[in-house]
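As structure tokens, the structure follows; a few thoughts come after it.
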There are 6 protein chains.
Amino acid sequence: MEPSHAAGPDTQEATTMTAGQQLRHAPPSLHPDVVPAYAPPESDSDESWVWSQIKAEARRDADDEPALASFLYATVLSHPSLERSLAFHLANKLCSSTLVSTLLYDLFVGSLAAHPTIRAAAVADLLAVRSRDPACAGFSHCLLNYKGFLAVQAHRVAHVLWAQNRRALALALQSRVAEVFAVDIHPAATIGKGILLDAAVIGETAVVGDNVSILHHVTLGGTGNAVGDRHPKIGDGVLIGAGATILGNVLIGASAKIGAGSVVLIDVPATSTAVGNPARLIDDDIPGESMDHTSFIQQWSNYTI
Amino acid sequence: MEPSHAAGPDTQEATTMTAGQQLRHAPPSLHPDVVPAYAPPESDSDESWVWSQIKAEARRDADDEPALASFLYATVLSHPSLERSLAFHLANKLCSSTLVSTLLYDLFVGSLAAHPTIRAAAVADLLAVRSRDPACAGFSHCLLNYKGFLAVQAHRVAHVLWAQNRRALALALQSRVAEVFAVDIHPAATIGKGILLDAAVIGETAVVGDNVSILHHVTLGGTGNAVGDRHPKIGDGVLIGAGATILGNVLIGASAKIGAGSVVLIDVPATSTAVGNPARLIDDDIPGESMDHTSFIQQWSNYTI
Amino acid sequence: MEPSHAAGPDTQEATTMTAGQQLRHAPPSLHPDVVPAYAPPESDSDESWVWSQIKAEARRDADDEPALASFLYATVLSHPSLERSLAFHLANKLCSSTLVSTLLYDLFVGSLAAHPTIRAAAVADLLAVRSRDPACAGFSHCLLNYKGFLAVQAHRVAHVLWAQNRRALALALQSRVAEVFAVDIHPAATIGKGILLDAAVIGETAVVGDNVSILHHVTLGGTGNAVGDRHPKIGDGVLIGAGATILGNVLIGASAKIGAGSVVLIDVPATSTAVGNPARLIDDDIPGESMDHTSFIQQWSNYTI
Amino acid sequence: MEPSHAAGPDTQEATTMTAGQQLRHAPPSLHPDVVPAYAPPESDSDESWVWSQIKAEARRDADDEPALASFLYATVLSHPSLERSLAFHLANKLCSSTLVSTLLYDLFVGSLAAHPTIRAAAVADLLAVRSRDPACAGFSHCLLNYKGFLAVQAHRVAHVLWAQNRRALALALQSRVAEVFAVDIHPAATIGKGILLDAAVIGETAVVGDNVSILHHVTLGGTGNAVGDRHPKIGDGVLIGAGATILGNVLIGASAKIGAGSVVLIDVPATSTAVGNPARLIDDDIPGESMDHTSFIQQWSNYTI
Amino acid sequence: MEPSHAAGPDTQEATTMTAGQQLRHAPPSLHPDVVPAYAPPESDSDESWVWSQIKAEARRDADDEPALASFLYATVLSHPSLERSLAFHLANKLCSSTLVSTLLYDLFVGSLAAHPTIRAAAVADLLAVRSRDPACAGFSHCLLNYKGFLAVQAHRVAHVLWAQNRRALALALQSRVAEVFAVDIHPAATIGKGILLDAAVIGETAVVGDNVSILHHVTLGGTGNAVGDRHPKIGDGVLIGAGATILGNVLIGASAKIGAGSVVLIDVPATSTAVGNPARLIDDDIPGESMDHTSFIQQWSNYTI
Amino acid sequence: MEPSHAAGPDTQEATTMTAGQQLRHAPPSLHPDVVPAYAPPESDSDESWVWSQIKAEARRDADDEPALASFLYATVLSHPSLERSLAFHLANKLCSSTLVSTLLYDLFVGSLAAHPTIRAAAVADLLAVRSRDPACAGFSHCLLNYKGFLAVQAHRVAHVLWAQNRRALALALQSRVAEVFAVDIHPAATIGKGILLDAAVIGETAVVGDNVSILHHVTLGGTGNAVGDRHPKIGDGVLIGAGATILGNVLIGASAKIGAGSVVLIDVPATSTAVGNPARLIDDDIPGESMDHTSFIQQWSNYTI
């Protein structure tokens, strides 16, 4: 991989991190212009470069593995662009006996064509997974096989539908995504770009910033009584460990870390670390120092799996 | 929604709450008359009223969203009754290349027709979800899209099959439900009505009372050595938070609350609250007071997501 | 069931337990002979005895339940051997609109025929589930309905593919297994035999010994920074409770027990018990004594669900 | 087969033959009571006897042929009655990605339950095929494998729908039948009972009497200009050879024979024989005599294939 | 139907009829500009008027028939244009387990968008069927249910692919059309517009003019020895009866009529009629006269079925 | 194509032609050794040469046409041999919702492996189509797209099943072949090799020799009264034109020609020609002469379409 790309998601975007406090007071979930909050595509070259990589990987794999070639041609090599390939793959994954694939394909092709920001976010996600997940064997591996990646892309289309007040369709899409990918994101939830996500339940008024990593079995849930804004706000660059549960309209500040299995009911300041059930903050703000004497915490404090 | 219905599940049934102690000593799992323990339908008007609401919602959505109209006509609008619609939807969700949909449809239509209490429980569940889940966009949304709702309805049919000693079919049904909806309820487990359930694993000798809410990733498991009655008994009106694990033949008293992520190995008295891993009881029995100074607990102590 | 079999997995294999320390220093994930690390089949009679039991159970169920007979004939009774039945069942479970069942069937039939150790491990798993899970209604019930069992068998085929450097196909298989069975095992991970597994995420460099029991929602994850060997090593005979999370290249010694909901970041010695978040060791090494005064721990310390 | 049945269709019904002239002047296509013109079921014992034969044949075949047992249980042995079996089989044959099988199953079950005359006609057809086709290996063979038999049963349901003014559904059903079975019968056409039919195109105002045999590639077409009653009327007991074409509102009298490949544009008197293109009558009215010296005609003058 | 349309196909186009002789000497099968020989769309208003009729019919039928509404929304009412509806319907009809529907949908949408002449020809066909077939219940009936209509539309796409030298795809499409619709048209054959076709086999170098009617089981075949231009040339306005066989590079002149069941091996002059096996010309050129005394010929000399 | 192959089917096999008379007196339909009557494979090199051609063609087409590459890899390029490719393709063509593809695949793989003569006959058929049909674009075109070719291969497997007394399975297979390919060959019928067949109905006691060509809509039917041997016997090298009907236990001598649309009820001597309805013999035995003055007959007297 090009070093510039490997560095990209980790450094450059950290400087444009949305302030966590801002997230809570001005949730970007429903914009007046009915378009989700992704930045415009950084550059066309990112998309075309990633697509060319995906095609090259798929061609190599098809040559090496005849048993998989049919699948790779159907999903990647017969398509003229990343958006067509993604629309095709999602439609065939999410179709059912009562929701035929051609109908879903139409929906995805139309949404991806109309919203370049969704395409740009997909590219950012691919770069994020590639650089952050040591088990990722290539862009095509992520595009074809990562349930979390596919679920987030389908969510972005559902989110646009929700913003356009096409709520029944958005909810039907969420339902199929939850069944097929075990990722249950309410269409109203706002998700940034550069996302690495394994499996999660994300509630209606949740907001997830850019470059967030969410591992297996994470819940961003609401709490009772409240009917309105009742789900967590996750700042940019946050890492949430496997099995963590974050409940209520709490703010997880930018670049904070939530330990695996933690139950978080209170705000977590930016760059700090919370662990345990219920979660408590631990002294982790001076990385150099913490690496010396809290090594058992350090173990889960970066990306896992 | 009619205020009378919104109030229903929360208040009226609390007065008819089954005593927790009674649950343990007389588990209603296998009745002599081979019929599960749901009460007879409270009134036909509930079922017909809910069905008319579902039809109206589906008609409105079909008019607004041509892309979804085919799905809505197939699943709701072409059917003469709620039971037909539910049987159709479950059959198409649960069928596979070796279990064809028409066979399952026959099974569901027959079971729902023969057991009015299953239909009444489905109506109670719809009313429960509608009144307790702020993200529920309508009865039809729950009927069509809620994995937990659909899994519980299929479980009720599997439970009848189990009671009729048709165990191989009951287990095959459980297996498909677990695969498709990520909800794994042993057919022998007894589940009440008015249930709100997201995703759970519920063991063979577990008993769940009426008006219980079970959020994501909950486990009601057994413990070793014991071969007989080895799973939890959950009283009426209990709330179990996301990621909670309750193990062994313990009793969770009526209206108790189990915190998210808790690991519960001991009995929890009625109306009390247990949190943590391992769980400990907290002082929550005087609601008015607790709301003052244990607000961080209160946050998860009602329905979430 | 024959008593000799019921006793087998619990006693006899405990004496051949691989030393945990050995596991960490010589991970058996990639053997030079490109064949996974299962022992050769103990005896042909095990396989044929189990297969005859499965046929008898399926025949009995088909006679009792006409509605299920079609399914039982398709999956069991029309096949000449356990490996054909398993290949057929997996192919029909894992196929999709872009991965047709006949292609997968070819793959499974070929792999199972070429690798008798995979078949032997499947037989050992069937015996393990039958003897350890009180809810298991028979060998055929496990073969047809247990998501964890089926996922492990598919993983073994994916593991062989990975070892043969057919990585794209191995990853595609993992992806379908994760979608269908909610069990996500990286093809490079090494899994022993006699496994009872419900639902889990198991990372690339993880090693799981023989006769291990892994309950619902378990994560064997990696930690950040490290790119190489970064996942847990689980010794023979270990029991991991529901919802447990074990992270990093830690060693769980043979016959250790990990409590439900625990978060384990450090080594756990053989035969000891770890509970809590973060996990701490508890005094459990003198079984007779511990049963007297730490009974609440004992409750989860054996197999559950 | 019972001799009484074998004799039935050939002799007894010939005495109740509808007069051809009557057919033309009073076409029974649209009755005031919106029910097609089949006679009431002759006796319940016919239906139950045939059904018991079908079950016995299917059980024998399932025992002999494990590879087919799944199919036989799904289509026959899991059903409580002939009508359920037929409805199931037709629904699975005629379903498509936009017409799901459960919807069709509902339609067939409902129609067959509401119209006992359709069931009686199906029984008469089974008896007719069994006695007239030397290649028919059994009732179950006809029920499961004969395209013409299945197409006629589906037509009878479409005919009822047409009479009930549910024309769009009737035409959609006709379309699927034509695609799947290569038998294209307009829903308005009236077809009697005791029919043996291989493959045919039958126009809107055609009438086919009882105990008619129609072989491969037969066309009962209309002619131009006329918009109203423009298709042939086929009397009881008529035999139409392979490839014959009969056009216009002509009357083929009872027990007439139409030679293979004939093109018939004029009336054919009862019991006479027409051959050639265009067809001419031949001297065949004294069976005993004709068998002596027109043997080459005699060859196609009975049932073939 | 509007009288102007009913008149259209019968009169106006007769004046622009291609001379038969011209057909033989300049077969339009492979144009230099790689586009088939249909005229540009006569007027947009035809297409939009027909589409509005189809939508109105489908809406009426969906209201009247809930059991069909799902099908009608999926195939017609959820689409923004006739071309989308047609592409969707063809893709779902022609897909198979190895040719997924989304791939075919892409192909049809792309071809119909790029070639307005194909769309115009489809509109002309709809008008032709509506005005010539007395059994046609509406435009939507033809669009959804007529095998011949659908086969001709798919052929036009295959013909474009053939002209673009994409022969393998064109032949694969032909193969699926032949299997599903029982209409086997070689992709190289040239077919005009305003076609009414039931079921036919049409060879590689055949040319069919405009406003031709081809009934059931018609063969336009080649003859031996010849390898090049070896199939019939059918002039504008020709009517070919059911079961007719026309072989070799013969010319059927404009507005000629071929009787049902005829076998034609020689040229047939314009406006004349051929009948019999082998076919002979009959005196039919003075329509007024022929209607008096050759009525039996007249019977098949117009559109049938 | 290699000239040696092009010449093969036309010349060399004519010298080994089975005498027609022999066919009638010793029908090879049921051999004592339960194996059909095909000659042993002439040489392995034929099969491997044809398979290498097919692979080369498919690879070329996959490179040229990405939209078809998935189909070509699935059906041809991922398979190690012609028999695997054919078994895969037939299984996916013939499967249904009640006959799953993996079951059929098993059946075809097993039959083709056990009976090399079936494979040799398939190779001979491919060579025959390639050399006799001017529209055949390649071996892979025939293998993948020719309904008649595929139907004959499936028939050969059904014929073996019939001979093994597995009649229910043989008839079920015939039924699916008839539905999917519109070719209806009774499993008991004996078919030679080097067959070119478009669409036909072939009765139970029919025998078809080697190198026979049967065009569209041909019927080889039986006649009434007779219950035993009642269908035509077709000698080697016979050509039967489109729409021809041959009825009864008549003998069509080697290298005879039956005109399109003919109705044949009597024996036709070797090398002679029969035309018309009813068919009469014409003077065609001196080819050189007949080409002078009976050219209209000559036109259909070789292969067509």
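Going through the structure tokens in order, the chains are called A, B, and so on, while each chain numbers its residues from 1 and the ligands are numbered from 1 in the order shown.
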Neighbour list for Asn277 (chain D) as a list in words, cut-off 6 Å, only C-alpha atoms, skip fewer than 3 positions in-chain: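 With the cut-off at 6 Å, the set is Ser262 and Val263 of chain D; Gly276 of chain E.
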How about saving the chosen residues, N, CA and C atoms kept, as a PDB file, in the first residue's frame?
```
ATOM      1  N   SER D 262     -53.326 -33.001 -38.299  1.00  0.00           N
ATOM      2  CA  SER D 262     -54.441 -32.511 -39.105  1.00  0.00           C
ATOM      3  C   SER D 262     -54.664 -31.018 -38.871  1.00  0.00           C
ATOM      4  N   VAL D 263     -55.195 -30.356 -39.893  1.00  0.00           N
ATOM      5  CA  VAL D 263     -55.627 -28.969 -39.765  1.00  0.00           C
ATOM      6  C   VAL D 263     -57.125 -28.955 -40.033  1.00  0.00           C
TER       7      VAL D 263
ATOM      8  N   GLY E 276     -51.417 -25.740 -46.983  1.00  0.00           N
ATOM      9  CA  GLY E 276     -51.164 -27.148 -47.243  1.00  0.00           C
ATOM     10  C   GLY E 276     -49.737 -27.587 -47.034  1.00  0.00           C
TER      11      GLY E 276
END
```
Could you list, as a PyMOL selection string, every residue within 9 Å of Leu196 (chain A), counting only C-alpha atoms and ignoring same-chain residues fewer than 6 positions away? chain A and resi 125-126+128-129+132-133+148-149+211-215
Give me a file of those residues, with C-alpha atoms, as a JSON list (two decimals), in the first residue's frame.
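And here is the file that came out, selection30.json:
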```
[["chain", "number", "residue", "atom", "x", "y", "z"],
["A", 125, "ASP", "CA", -13.75, 3.36, 5.33],
["A", 126, "LEU", "CA", -11.80, 1.07, 3.02],
["A", 128, "ALA", "CA", -9.33, 2.94, 7.44],
["A", 129, "VAL", "CA", -9.86, -0.80, 7.62],
["A", 132, "ARG", "CA", -5.96, -0.27, 11.07],
["A", 133, "ASP", "CA", -6.86, -3.95, 10.86],
["A", 148, "GLY", "CA", -19.33, -4.16, 9.37],
["A", 149, "PHE", "CA", -18.12, -2.36, 6.27],
["A", 211, "ASN", "CA", -12.21, 7.65, 12.14],
["A", 212, "VAL", "CA", -13.97, 5.80, 14.94],
["A", 213, "SER", "CA", -13.24, 2.09, 15.56],
["A", 214, "ILE", "CA", -16.07, 0.00, 17.02],
["A", 215, "LEU", "CA", -15.26, -3.65, 17.72]]
```
What residues in region 31-276 of chain F get the DSSP label helix (DSSP H, G or I)? Please answer as a ChimeraX atom specification. /F:44-64,66-77,82-94,101-114,116-132,139-145,147-163,167-181
Applying 6 Å and only C-alpha atoms, which residues near region 233-247 of chain B remain after dropping the ones on its own chain fewer than 3 positions away? List them as a ChimeraX atom specification. /B:17,20,206-222,251-265
With only C-alpha atoms considered, list every residue of chain A at most 10 Å from chain E, as an mmCIF file with N, CA and C atoms, in the first residue's frame.
```
data_model
loop_
_atom_site.group_PDB
_atom_site.id
_atom_site.type_symbol
_atom_site.label_atom_id
_atom_site.label_comp_id
_atom_site.auth_asym_id
_atom_site.auth_seq_id
_atom_site.Cartn_x
_atom_site.Cartn_y
_atom_site.Cartn_z
ATOM 1 N N SER A 70 -15.897 -17.120 -10.370
ATOM 2 C CA SER A 70 -17.269 -16.749 -10.697
ATOM 3 C C SER A 70 -17.780 -15.683 -9.752
ATOM 4 N N ALA A 74 -18.629 -11.786 -10.754
ATOM 5 C CA ALA A 74 -19.987 -11.288 -10.516
ATOM 6 C C ALA A 74 -19.975 -10.050 -9.632
ATOM 7 N N THR A 75 -19.122 -10.057 -8.599
ATOM 8 C CA THR A 75 -19.182 -8.976 -7.619
ATOM 9 C C THR A 75 -18.268 -7.808 -7.944
ATOM 10 N N SER A 78 -16.914 -7.598 -13.219
ATOM 11 C CA SER A 78 -17.834 -7.256 -14.305
ATOM 12 C C SER A 78 -18.385 -5.838 -14.174
ATOM 13 N N HIS A 79 -17.936 -5.092 -13.168
ATOM 14 C CA HIS A 79 -18.516 -3.773 -12.937
ATOM 15 C C HIS A 79 -17.569 -2.647 -13.348
ATOM 16 N N ARG A 84 -20.882 0.700 -8.573
ATOM 17 C CA ARG A 84 -21.703 -0.373 -9.164
ATOM 18 C C ARG A 84 -21.433 -1.701 -8.456
ATOM 19 N N ALA A 87 -23.081 -1.580 -5.048
ATOM 20 C CA ALA A 87 -24.539 -1.678 -5.163
ATOM 21 C C ALA A 87 -24.964 -3.109 -5.488
ATOM 22 N N PHE A 88 -24.249 -3.727 -6.396
ATOM 23 C CA PHE A 88 -24.550 -5.109 -6.771
ATOM 24 C C PHE A 88 -24.393 -6.045 -5.577
ATOM 25 N N HIS A 89 -23.277 -5.908 -4.879
ATOM 26 C CA HIS A 89 -22.976 -6.820 -3.773
ATOM 27 C C HIS A 89 -23.991 -6.638 -2.644
ATOM 28 N N ALA A 91 -27.038 -5.468 -2.882
ATOM 29 C CA ALA A 91 -28.368 -5.920 -3.320
ATOM 30 C C ALA A 91 -28.489 -7.430 -3.212
ATOM 31 N N ASN A 92 -27.445 -8.155 -3.588
ATOM 32 C CA ASN A 92 -27.502 -9.608 -3.521
ATOM 33 C C ASN A 92 -27.379 -10.134 -2.092
ATOM 34 N N THR A 98 -39.159 -11.608 -0.402
ATOM 35 C CA THR A 98 -40.158 -10.550 -0.599
ATOM 36 C C THR A 98 -39.546 -9.197 -0.966
ATOM 37 N N LEU A 99 -38.223 -9.102 -0.936
ATOM 38 C CA LEU A 99 -37.536 -7.877 -1.375
ATOM 39 C C LEU A 99 -36.543 -8.285 -2.459
ATOM 40 N N VAL A 100 -36.959 -8.255 -3.717
ATOM 41 C CA VAL A 100 -36.104 -8.811 -4.766
ATOM 42 C C VAL A 100 -34.867 -7.954 -5.002
ATOM 43 N N SER A 101 -33.815 -8.611 -5.475
ATOM 44 C CA SER A 101 -32.511 -7.968 -5.563
ATOM 45 C C SER A 101 -32.494 -6.815 -6.553
ATOM 46 N N THR A 102 -33.244 -6.923 -7.634
ATOM 47 C CA THR A 102 -33.213 -5.845 -8.629
ATOM 48 C C THR A 102 -33.773 -4.549 -8.060
ATOM 49 N N LEU A 103 -34.771 -4.662 -7.209
ATOM 50 C CA LEU A 103 -35.318 -3.469 -6.566
ATOM 51 C C LEU A 103 -34.264 -2.816 -5.674
ATOM 52 N N LEU A 104 -33.575 -3.612 -4.872
ATOM 53 C CA LEU A 104 -32.542 -3.061 -3.999
ATOM 54 C C LEU A 104 -31.387 -2.500 -4.823
ATOM 55 N N TYR A 105 -31.054 -3.181 -5.906
ATOM 56 C CA TYR A 105 -29.960 -2.719 -6.752
ATOM 57 C C TYR A 105 -30.261 -1.328 -7.299
ATOM 58 N N ASP A 106 -31.475 -1.164 -7.794
ATOM 59 C CA ASP A 106 -31.922 0.151 -8.261
ATOM 60 C C ASP A 106 -31.748 1.215 -7.185
#
```
Residues near region 177-186 of chain B, cut-off 10 Å, only C-alpha atoms, skip fewer than 6 positions along chain, as number ranges by chain: A: 178-180, 182; B: 90, 93-95, 146-152, 154-156, 158-159, 162, 170-171, 197-206, 216-220; C: 93, 135, 145-147, 179-182, 305
Write the residues you've just listed into a file as a short mmCIF file (atom, residue, chain, number, x, y, z; two decimals), in the first residue's frame, and include N, CA and C atoms for each of them.
```
data_model
loop_
_atom_site.label_atom_id
_atom_site.label_comp_id
_atom_site.auth_asym_id
_atom_site.auth_seq_id
_atom_site.Cartn_x
_atom_site.Cartn_y
_atom_site.Cartn_z
N ALA A 178 -29.64 -5.67 9.68
CA ALA A 178 -29.47 -6.28 11.00
C ALA A 178 -29.53 -7.80 10.91
N GLU A 179 -30.44 -8.31 10.10
CA GLU A 179 -30.56 -9.76 9.95
C GLU A 179 -29.33 -10.37 9.29
N VAL A 180 -28.86 -9.73 8.23
CA VAL A 180 -27.80 -10.33 7.42
C VAL A 180 -26.42 -10.09 8.00
N ALA A 182 -25.78 -8.63 11.18
CA ALA A 182 -25.73 -8.54 12.65
C ALA A 182 -25.22 -7.19 13.11
N LEU B 90 -43.23 -14.88 8.55
CA LEU B 90 -42.31 -15.82 9.20
C LEU B 90 -41.86 -16.92 8.24
N LYS B 93 -39.29 -15.56 5.92
CA LYS B 93 -38.04 -15.24 6.61
C LYS B 93 -37.27 -16.51 6.95
N LEU B 94 -37.97 -17.55 7.37
CA LEU B 94 -37.30 -18.72 7.95
C LEU B 94 -37.05 -19.85 6.95
N CYS B 95 -37.58 -19.74 5.74
CA CYS B 95 -37.40 -20.83 4.80
C CYS B 95 -35.94 -20.91 4.35
N TYR B 146 -38.91 -6.10 13.36
CA TYR B 146 -38.25 -6.36 14.64
C TYR B 146 -37.88 -7.84 14.75
N LYS B 147 -36.58 -8.10 14.73
CA LYS B 147 -36.13 -9.49 14.83
C LYS B 147 -36.61 -10.15 16.11
N GLY B 148 -36.54 -9.41 17.21
CA GLY B 148 -36.94 -10.01 18.48
C GLY B 148 -38.42 -10.36 18.50
N PHE B 149 -39.25 -9.48 17.97
CA PHE B 149 -40.68 -9.76 17.92
C PHE B 149 -40.96 -11.02 17.09
N LEU B 150 -40.35 -11.08 15.91
CA LEU B 150 -40.60 -12.22 15.04
C LEU B 150 -40.07 -13.51 15.67
N ALA B 151 -38.91 -13.42 16.31
CA ALA B 151 -38.34 -14.62 16.93
C ALA B 151 -39.24 -15.13 18.05
N VAL B 152 -39.82 -14.23 18.83
CA VAL B 152 -40.68 -14.66 19.93
C VAL B 152 -41.95 -15.32 19.38
N ALA B 154 -42.23 -16.96 16.53
CA ALA B 154 -41.85 -18.30 16.05
C ALA B 154 -41.58 -19.23 17.23
N HIS B 155 -41.00 -18.68 18.28
CA HIS B 155 -40.76 -19.51 19.48
C HIS B 155 -42.07 -20.04 20.05
N ARG B 156 -43.09 -19.22 20.06
CA ARG B 156 -44.36 -19.68 20.64
C ARG B 156 -44.90 -20.89 19.88
N ALA B 158 -42.94 -22.98 18.19
CA ALA B 158 -42.01 -24.07 18.54
C ALA B 158 -42.34 -24.62 19.92
N HIS B 159 -42.74 -23.75 20.82
CA HIS B 159 -43.07 -24.18 22.18
C HIS B 159 -44.28 -25.11 22.18
N TRP B 162 -43.13 -28.41 20.92
CA TRP B 162 -42.38 -29.11 21.97
C TRP B 162 -43.34 -29.77 22.95
N ALA B 170 -39.62 -28.81 16.47
CA ALA B 170 -39.42 -27.64 17.33
C ALA B 170 -37.96 -27.19 17.32
N LEU B 171 -37.05 -28.16 17.39
CA LEU B 171 -35.62 -27.81 17.41
C LEU B 171 -35.16 -27.29 16.05
N LEU B 197 -38.17 -7.78 23.22
CA LEU B 197 -36.92 -8.53 23.25
C LEU B 197 -36.09 -8.15 22.03
N ASP B 198 -34.81 -7.88 22.25
CA ASP B 198 -33.96 -7.53 21.11
C ASP B 198 -33.17 -8.73 20.60
N ALA B 199 -32.31 -9.25 21.42
CA ALA B 199 -31.51 -10.40 20.99
C ALA B 199 -31.08 -11.12 22.23
N ALA B 200 -31.27 -12.42 22.26
CA ALA B 200 -31.02 -13.13 23.51
C ALA B 200 -30.79 -14.61 23.24
N VAL B 201 -30.16 -15.23 24.25
CA VAL B 201 -30.05 -16.67 24.30
C VAL B 201 -30.80 -17.10 25.56
N ILE B 202 -31.78 -17.94 25.41
CA ILE B 202 -32.64 -18.31 26.54
C ILE B 202 -32.69 -19.83 26.62
N GLY B 203 -32.29 -20.37 27.78
CA GLY B 203 -32.10 -21.80 27.92
C GLY B 203 -33.38 -22.60 28.14
N GLU B 204 -33.19 -23.92 28.15
CA GLU B 204 -34.28 -24.87 28.10
C GLU B 204 -35.29 -24.74 29.23
N THR B 205 -34.81 -24.56 30.46
CA THR B 205 -35.73 -24.54 31.59
C THR B 205 -35.99 -23.12 32.10
N ALA B 206 -35.65 -22.12 31.27
CA ALA B 206 -35.92 -20.74 31.66
C ALA B 206 -37.42 -20.46 31.59
N HIS B 216 -30.43 -6.05 24.04
CA HIS B 216 -29.49 -6.77 23.18
C HIS B 216 -28.51 -7.65 23.94
N HIS B 217 -28.18 -8.78 23.34
CA HIS B 217 -27.08 -9.64 23.81
C HIS B 217 -27.28 -10.13 25.23
N VAL B 218 -28.49 -10.47 25.58
CA VAL B 218 -28.77 -10.98 26.92
C VAL B 218 -28.69 -12.51 26.89
N THR B 219 -28.13 -13.08 27.94
CA THR B 219 -28.07 -14.53 28.06
C THR B 219 -28.78 -14.97 29.34
N LEU B 220 -29.76 -15.86 29.19
CA LEU B 220 -30.36 -16.52 30.35
C LEU B 220 -29.89 -17.97 30.30
N LYS C 93 -26.48 -24.39 3.54
CA LYS C 93 -26.55 -23.31 4.53
C LYS C 93 -25.77 -22.08 4.07
N ALA C 135 -28.81 -29.93 26.91
CA ALA C 135 -29.94 -29.63 26.02
C ALA C 135 -29.81 -30.31 24.66
N ASN C 145 -28.56 -28.66 13.58
CA ASN C 145 -29.09 -27.41 14.13
C ASN C 145 -28.10 -26.55 14.90
N TYR C 146 -26.93 -27.08 15.28
CA TYR C 146 -26.02 -26.29 16.12
C TYR C 146 -25.15 -25.39 15.25
N LYS C 147 -25.40 -24.09 15.35
CA LYS C 147 -24.62 -23.15 14.57
C LYS C 147 -23.14 -23.26 14.86
N GLU C 179 -21.71 -14.61 8.56
CA GLU C 179 -23.06 -14.10 8.28
C GLU C 179 -24.15 -15.08 8.69
N VAL C 180 -23.93 -16.35 8.37
CA VAL C 180 -25.00 -17.33 8.54
C VAL C 180 -25.06 -17.86 9.97
N PHE C 181 -23.90 -18.11 10.56
CA PHE C 181 -23.87 -18.76 11.88
C PHE C 181 -23.49 -17.82 13.01
N ALA C 182 -23.15 -16.57 12.70
CA ALA C 182 -22.74 -15.62 13.72
C ALA C 182 -21.53 -16.13 14.51
N ILE C 305 -25.96 -23.35 29.68
CA ILE C 305 -26.97 -23.26 28.60
C ILE C 305 -27.49 -24.64 28.23
#
```
Straight-line distance linking CA of Ala122 (chain E) with CA of Gln174 (chain D), stated in Å to one decimal: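 Value for the CA of Ala122 (chain E)-CA of Gln174 (chain D) distance: 22.2 Å.
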Between CA of Tyr73 (chain D) and CA of Leu169 (chain F), what is the spacing in Å?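 That distance, rounded to one decimal, is 13.8 Å.
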All residues 8 Å or closer to Leu77 (chain D), only C-alpha atoms, same chain fewer than 6 positions away omitted, as a PyMOL selection string: (chain C and resi 66) or (chain D and resi 55+58-59)
Just give me the gap between CA of Leu281 (chain C) and CA of Leu281 (chain B) in Å, one decimal is fine. 22.9 Å
